[in-house]
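Notes follow the structure.
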Amino acid sequence: MDSYDMYELMINGRTLKTPIALASMAGITDASYALLRKENAGIAFIGGYSIDESSMNASLQMEEEGRHEFKYEDPISTLQNEIQKFKGTDLIPGVNLRGTSPKSFLNIYSALGNEVIYEIDAHCRQEPMINAGSGEYLLKNTDTLSDIIRALKEAGATVSVKIRAGVSEDDSVLARIIWKAGADILHVDLMDFGPEKLRQIRNSCPLIIIANNSINTFERMKDMFSHGADIVSLARNADNKTLENLNRAIAEYAEESGWYNSPKQLCRGGDIRSLTFCCMPVKQCALLPALKKIGMSPKEFHDLKLSLVENTPLASGESTCFGSLAWCCKSSTPCMFRDMSLKREGLTHSDYMRYKHRLSEKILKKVFDDKGEEKSG
Ligand SMILES: Cc1cc2nc3c(=O)[nH]c(=O)nc-3n(C[C@H](O)[C@H](O)[C@H](O)COP(=O)(O)O)c2cc1C
Ligand code: SF4
Ligand code: SF4
């Protein structure tokens, strides 16, 4: 099975070979560091690199105070040189950048072009960086953050924003701001907040979410995936042994299950993607309040799901509770009626989950497209 069939993840027009990223560590994570780990990572965010006078001065001060920072006179030639080293590899490069204005980021974009992901570092909490107007400053000054995102997007860049959970007053609102400004990826250091915080963020935006912080075991990785992450990232424990264990385990799971980051059922704490597994809206359960929250009536949900499965194998299922596999439960819930229908259609459990995955993406598109219109209108 190829990587696209396993994960269905594309970034910058390229297929991700594994949903694992290397997270940046200033003064440590450069191209050589990343390429030593290239077998078991799909994206490498190198950096952080300070890219304008204010952030470079902050880096100098941070270094004097004992932190590791990358040293250079000219960020552009340094970054060009680093990015060049990824040519011919299947590791997608991202650059984690500390800057204070749209102009600083556009300077780098005009030198590096479209082959890299531009990650705005809104994560750094060192005082000199915050005082310079970069890093965590951007989480409290979201107009500037939005201006930077918009400028990069208008220029044609793929944009990621690295945040630390719990800094903003409301991470769901922050996620929405970042989405509405046009970002593609939200890279979240979850600190100690855990999967519930991730679920909240997943329910607030349709962005590609990278979950980060201490994701060093398959158990933790799976927990992140089942609560809304599309990708996980590692910094401090990104040694080849850990990366290889995670990569092998997720590849096996993806192949066997058909949906590597499937959510739990909604009534078991699943996120918005779990609407794909929900029954026909005919009973009092967690579905009705969830629909109310997203502003969709039960009838709209009913009609939407049936229209989205038209001409797909999920339209069949006469022997199931509601006459269509559109309403059927996750494959991990045993059910002989669903399985009879699957057998009749010649589908395995993993085929079924692949179709449910696509259905969930279409539901999300509808939910968030409508929310987008409602906000901007
Ligand atoms: C030494 C060090 C330097 C870091 N530098 C950056 C940075 O420049 N930009 C950034 O976004 N995050 C930076 N981080 C944060 C990491 O990318 C990551 O979010 C954090 O370490 C938690 O993930 P982990 O548990 O996998 O290490 C740094 C972390 C460490 C330990
Ligand atoms: S509709 Fe079914 S799957 Fe969804 S919350 Fe209700 S009981 Fe659970
Ligand atoms: S037929 Fe089985 S899988 Fe389908 S909705 Fe009923 S209980 Fe769930």
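We name chains A, B, ... following the order of the structure tokens; residues begin at 1 in each chain, and ligands are numbered from 1 as shown.
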Counting only C-alpha atoms, what is within 12 Å of Ser350 of chain A, bar same-chain residues fewer than 3 positions away, as a PDB file with C-alpha atoms, in the first residue's frame?
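Final output, saved to result-v2.pdb:
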ATOM      1  CA  ASP A   5      -3.588   5.211   0.323  1.00  0.00           C
ATOM      2  CA  MET A   6      -2.536   4.883   3.958  1.00  0.00           C
ATOM      3  CA  TYR A 253      -2.439   0.485  12.201  1.00  0.00           C
ATOM      4  CA  ALA A 254      -3.316   2.497   9.068  1.00  0.00           C
ATOM      5  CA  GLU A 255      -3.158  -0.550   6.857  1.00  0.00           C
ATOM      6  CA  GLU A 256      -5.157  -2.738   9.196  1.00  0.00           C
ATOM      7  CA  SER A 257      -7.809  -0.177  10.226  1.00  0.00           C
ATOM      8  CA  GLY A 258      -8.276   1.849   7.009  1.00  0.00           C
ATOM      9  CA  TRP A 259      -8.391   5.206   8.855  1.00  0.00           C
ATOM     10  CA  TYR A 260      -5.258   5.973  10.860  1.00  0.00           C
ATOM     11  CA  SER A 262     -10.374   7.837  13.121  1.00  0.00           C
ATOM     12  CA  LYS A 330     -17.403   2.450  13.630  1.00  0.00           C
ATOM     13  CA  SER A 331     -15.960  -0.895  12.550  1.00  0.00           C
ATOM     14  CA  SER A 332     -14.640  -1.504  16.088  1.00  0.00           C
ATOM     15  CA  ASP A 339     -21.077  -6.785   8.396  1.00  0.00           C
ATOM     16  CA  LEU A 342     -20.418  -5.038   3.841  1.00  0.00           C
ATOM     17  CA  GLY A 346     -17.506  -6.981  -1.154  1.00  0.00           C
ATOM     18  CA  LEU A 347     -16.061  -4.492   1.363  1.00  0.00           C
ATOM     19  CA  MET A 353     -13.457   2.914   7.261  1.00  0.00           C
ATOM     20  CA  ARG A 354     -11.840   4.521   4.207  1.00  0.00           C
ATOM     21  CA  TYR A 355     -15.291   5.443   2.905  1.00  0.00           C
ATOM     22  CA  LYS A 356     -16.297   6.744   6.348  1.00  0.00           C
ATOM     23  CA  HIS A 357     -13.121   8.863   6.378  1.00  0.00           C
TER      24      HIS A 357
END
List as a ChimeraX atom specification the protein and nucleic acid residues lying within 8 Å of ligand 2, with only C-alpha atoms and all ligand atoms counted. /A:265-268,274-275,277-288,329
Go ahead and write the residues just picked, N, CA and C atoms, as a PDB file, in the first residue's frame.
ATOM      1  N   GLN A 265     -16.673   7.221  18.562  1.00  0.00           N
ATOM      2  CA  GLN A 265     -18.066   7.593  18.281  1.00  0.00           C
ATOM      3  C   GLN A 265     -18.376   8.875  19.072  1.00  0.00           C
ATOM      4  N   LEU A 266     -19.297   9.674  18.597  1.00  0.00           N
ATOM      5  CA  LEU A 266     -19.627  10.947  19.266  1.00  0.00           C
ATOM      6  C   LEU A 266     -20.035  10.728  20.730  1.00  0.00           C
ATOM      7  N   CYS A 267     -20.852   9.701  20.977  1.00  0.00           N
ATOM      8  CA  CYS A 267     -21.342   9.465  22.348  1.00  0.00           C
ATOM      9  C   CYS A 267     -20.243   8.933  23.269  1.00  0.00           C
ATOM     10  N   ARG A 268     -19.087   8.616  22.685  1.00  0.00           N
ATOM     11  CA  ARG A 268     -17.951   8.185  23.529  1.00  0.00           C
ATOM     12  C   ARG A 268     -16.880   9.253  23.576  1.00  0.00           C
ATOM     13  N   SER A 274     -16.646  12.584  14.042  1.00  0.00           N
ATOM     14  CA  SER A 274     -17.390  11.355  14.338  1.00  0.00           C
ATOM     15  C   SER A 274     -18.846  11.433  13.878  1.00  0.00           C
ATOM     16  N   LEU A 275     -19.279  12.582  13.359  1.00  0.00           N
ATOM     17  CA  LEU A 275     -20.629  12.656  12.765  1.00  0.00           C
ATOM     18  C   LEU A 275     -20.769  11.612  11.652  1.00  0.00           C
ATOM     19  N   PHE A 277     -20.080   8.620  11.830  1.00  0.00           N
ATOM     20  CA  PHE A 277     -20.549   7.344  12.394  1.00  0.00           C
ATOM     21  C   PHE A 277     -21.931   7.478  13.047  1.00  0.00           C
ATOM     22  N   CYS A 278     -22.493   8.680  13.060  1.00  0.00           N
ATOM     23  CA  CYS A 278     -23.733   8.871  13.820  1.00  0.00           C
ATOM     24  C   CYS A 278     -24.948   8.270  13.130  1.00  0.00           C
ATOM     25  N   CYS A 279     -25.914   7.852  13.996  1.00  0.00           N
ATOM     26  CA  CYS A 279     -27.169   7.255  13.538  1.00  0.00           C
ATOM     27  C   CYS A 279     -28.042   8.331  12.899  1.00  0.00           C
ATOM     28  N   MET A 280     -29.151   7.870  12.334  1.00  0.00           N
ATOM     29  CA  MET A 280     -30.156   8.812  11.856  1.00  0.00           C
ATOM     30  C   MET A 280     -30.607   9.636  13.063  1.00  0.00           C
ATOM     31  N   PRO A 281     -30.801  10.948  12.910  1.00  0.00           N
ATOM     32  CA  PRO A 281     -31.104  11.763  14.104  1.00  0.00           C
ATOM     33  C   PRO A 281     -32.553  11.590  14.567  1.00  0.00           C
ATOM     34  N   VAL A 282     -32.820  10.471  15.232  1.00  0.00           N
ATOM     35  CA  VAL A 282     -34.195  10.179  15.630  1.00  0.00           C
ATOM     36  C   VAL A 282     -34.333   9.947  17.132  1.00  0.00           C
ATOM     37  N   LYS A 283     -33.203  10.018  17.872  1.00  0.00           N
ATOM     38  CA  LYS A 283     -33.327   9.746  19.306  1.00  0.00           C
ATOM     39  C   LYS A 283     -32.625  10.836  20.121  1.00  0.00           C
ATOM     40  N   GLN A 284     -32.924  10.824  21.411  1.00  0.00           N
ATOM     41  CA  GLN A 284     -32.291  11.790  22.318  1.00  0.00           C
ATOM     42  C   GLN A 284     -30.907  11.258  22.678  1.00  0.00           C
ATOM     43  N   CYS A 285     -29.883  11.837  22.121  1.00  0.00           N
ATOM     44  CA  CYS A 285     -28.515  11.398  22.451  1.00  0.00           C
ATOM     45  C   CYS A 285     -27.588  12.578  22.191  1.00  0.00           C
ATOM     46  N   ALA A 286     -26.289  12.314  22.223  1.00  0.00           N
ATOM     47  CA  ALA A 286     -25.322  13.415  22.077  1.00  0.00           C
ATOM     48  C   ALA A 286     -25.399  14.106  20.714  1.00  0.00           C
ATOM     49  N   LEU A 287     -26.034  13.458  19.730  1.00  0.00           N
ATOM     50  CA  LEU A 287     -26.062  14.047  18.379  1.00  0.00           C
ATOM     51  C   LEU A 287     -26.841  15.361  18.318  1.00  0.00           C
ATOM     52  N   LEU A 288     -28.022  15.392  18.953  1.00  0.00           N
ATOM     53  CA  LEU A 288     -28.857  16.593  18.801  1.00  0.00           C
ATOM     54  C   LEU A 288     -28.163  17.857  19.327  1.00  0.00           C
ATOM     55  N   CYS A 329     -22.209   2.389  12.567  1.00  0.00           N
ATOM     56  CA  CYS A 329     -21.188   2.642  13.597  1.00  0.00           C
ATOM     57  C   CYS A 329     -19.787   2.312  13.091  1.00  0.00           C
TER      58      CYS A 329
END
Distance table requested - chain A against ligand 3, cut-off 8 Å, only C-alpha atoms and all ligand atoms: one row per qualifying residue with the closest atom pair and its distance in Å to one decimal, ordered by chain and rising residue number, as JSON lines.
{"residue": "A:Cys278", "atom": "CA", "partner": "ligand 3", "partner_atom_place_in_ligand_line": "5 (S)", "distance": 7.9}
{"residue": "A:Cys279", "atom": "CA", "partner": "ligand 3", "partner_atom_place_in_ligand_line": "5 (S)", "distance": 5.9}
{"residue": "A:Ser319", "atom": "CA", "partner": "ligand 3", "partner_atom_place_in_ligand_line": "1 (S)", "distance": 7.0}
{"residue": "A:Thr320", "atom": "CA", "partner": "ligand 3", "partner_atom_place_in_ligand_line": "1 (S)", "distance": 3.7}
{"residue": "A:Cys321", "atom": "CA", "partner": "ligand 3", "partner_atom_place_in_ligand_line": "6 (Fe)", "distance": 4.1}
{"residue": "A:Phe322", "atom": "CA", "partner": "ligand 3", "partner_atom_place_in_ligand_line": "5 (S)", "distance": 6.5}
{"residue": "A:Ser324", "atom": "CA", "partner": "ligand 3", "partner_atom_place_in_ligand_line": "4 (Fe)", "distance": 7.8}
{"residue": "A:Leu325", "atom": "CA", "partner": "ligand 3", "partner_atom_place_in_ligand_line": "4 (Fe)", "distance": 6.3}
{"residue": "A:Trp327", "atom": "CA", "partner": "ligand 3", "partner_atom_place_in_ligand_line": "5 (S)", "distance": 5.5}
{"residue": "A:Cys328", "atom": "CA", "partner": "ligand 3", "partner_atom_place_in_ligand_line": "4 (Fe)", "distance": 3.6}
{"residue": "A:Cys329", "atom": "CA", "partner": "ligand 3", "partner_atom_place_in_ligand_line": "3 (S)", "distance": 4.2}
{"residue": "A:Lys330", "atom": "CA", "partner": "ligand 3", "partner_atom_place_in_ligand_line": "3 (S)", "distance": 7.0}
{"residue": "A:Ser331", "atom": "CA", "partner": "ligand 3", "partner_atom_place_in_ligand_line": "3 (S)", "distance": 7.6}
{"residue": "A:Thr333", "atom": "CA", "partner": "ligand 3", "partner_atom_place_in_ligand_line": "3 (S)", "distance": 7.0}
{"residue": "A:Pro334", "atom": "CA", "partner": "ligand 3", "partner_atom_place_in_ligand_line": "3 (S)", "distance": 7.3}
{"residue": "A:Cys335", "atom": "CA", "partner": "ligand 3", "partner_atom_place_in_ligand_line": "2 (Fe)", "distance": 4.6}
{"residue": "A:Met336", "atom": "CA", "partner": "ligand 3", "partner_atom_place_in_ligand_line": "2 (Fe)", "distance": 6.7}
{"residue": "A:Phe337", "atom": "CA", "partner": "ligand 3", "partner_atom_place_in_ligand_line": "1 (S)", "distance": 4.9}
{"residue": "A:Arg338", "atom": "CA", "partner": "ligand 3", "partner_atom_place_in_ligand_line": "1 (S)", "distance": 4.7}
{"residue": "A:Asp339", "atom": "CA", "partner": "ligand 3", "partner_atom_place_in_ligand_line": "3 (S)", "distance": 7.9}
Report as JSON, numbers by chain which protein, DNA and RNA residues come within 9 Å of ligand 1, using only C-alpha atoms and all ligand atoms. {"A": [22, 23, 24, 25, 26, 27, 28, 29, 45, 46, 47, 48, 49, 50, 67, 68, 69, 96, 97, 98, 119, 120, 121, 122, 123, 124, 135, 161, 162, 163, 164, 187, 188, 189, 190, 191, 212, 213, 214, 215, 216, 232, 233, 234, 235, 236, 237, 238]}
Run DSSP on the backbone and grab whatever in segment 103-298 of chain A lands in alpha helix (DSSP H); send it over as a PyMOL selection string. chain A and resi 103-112+127-132+137-140+142-155+171-181+195-202+218-226+240-257+287-294+298
Considering only C-alpha atoms, return as a PyMOL selection string whatever protein or nucleic-acid residues lie within 10 Å of segment 56-63 of chain A, sequence-local ones (same chain, fewer than 2 positions apart) excluded. chain A and resi 26-27+48-54+65-73+75+98-99+126-134
Which residues of segment 195-298 of chain A sit at most 7 Å from segment 37-40 of chain A, using only C-alpha atoms? Give each one's shortest atom pair and distance in Å (one decimal place), in chain and ascending residue order, as JSON lines.
{"residue": "A:Asn240", "atom": "CA", "partner": "A:Arg37", "partner_atom": "CA", "distance": 6.0}
{"residue": "A:Leu243", "atom": "CA", "partner": "A:Asn40", "partner_atom": "CA", "distance": 5.7}
{"residue": "A:Glu244", "atom": "CA", "partner": "A:Asn40", "partner_atom": "CA", "distance": 5.6}
{"residue": "A:Asn247", "atom": "CA", "partner": "A:Asn40", "partner_atom": "CA", "distance": 5.9}
Using DSSP on the backbone coordinates, identify all residues within segment 31-218 of chain A classified as strand (DSSP E or B); present the result as a ChimeraX atom specification. /A:43-50,92-98,117-121,158-164,185-189,208-212
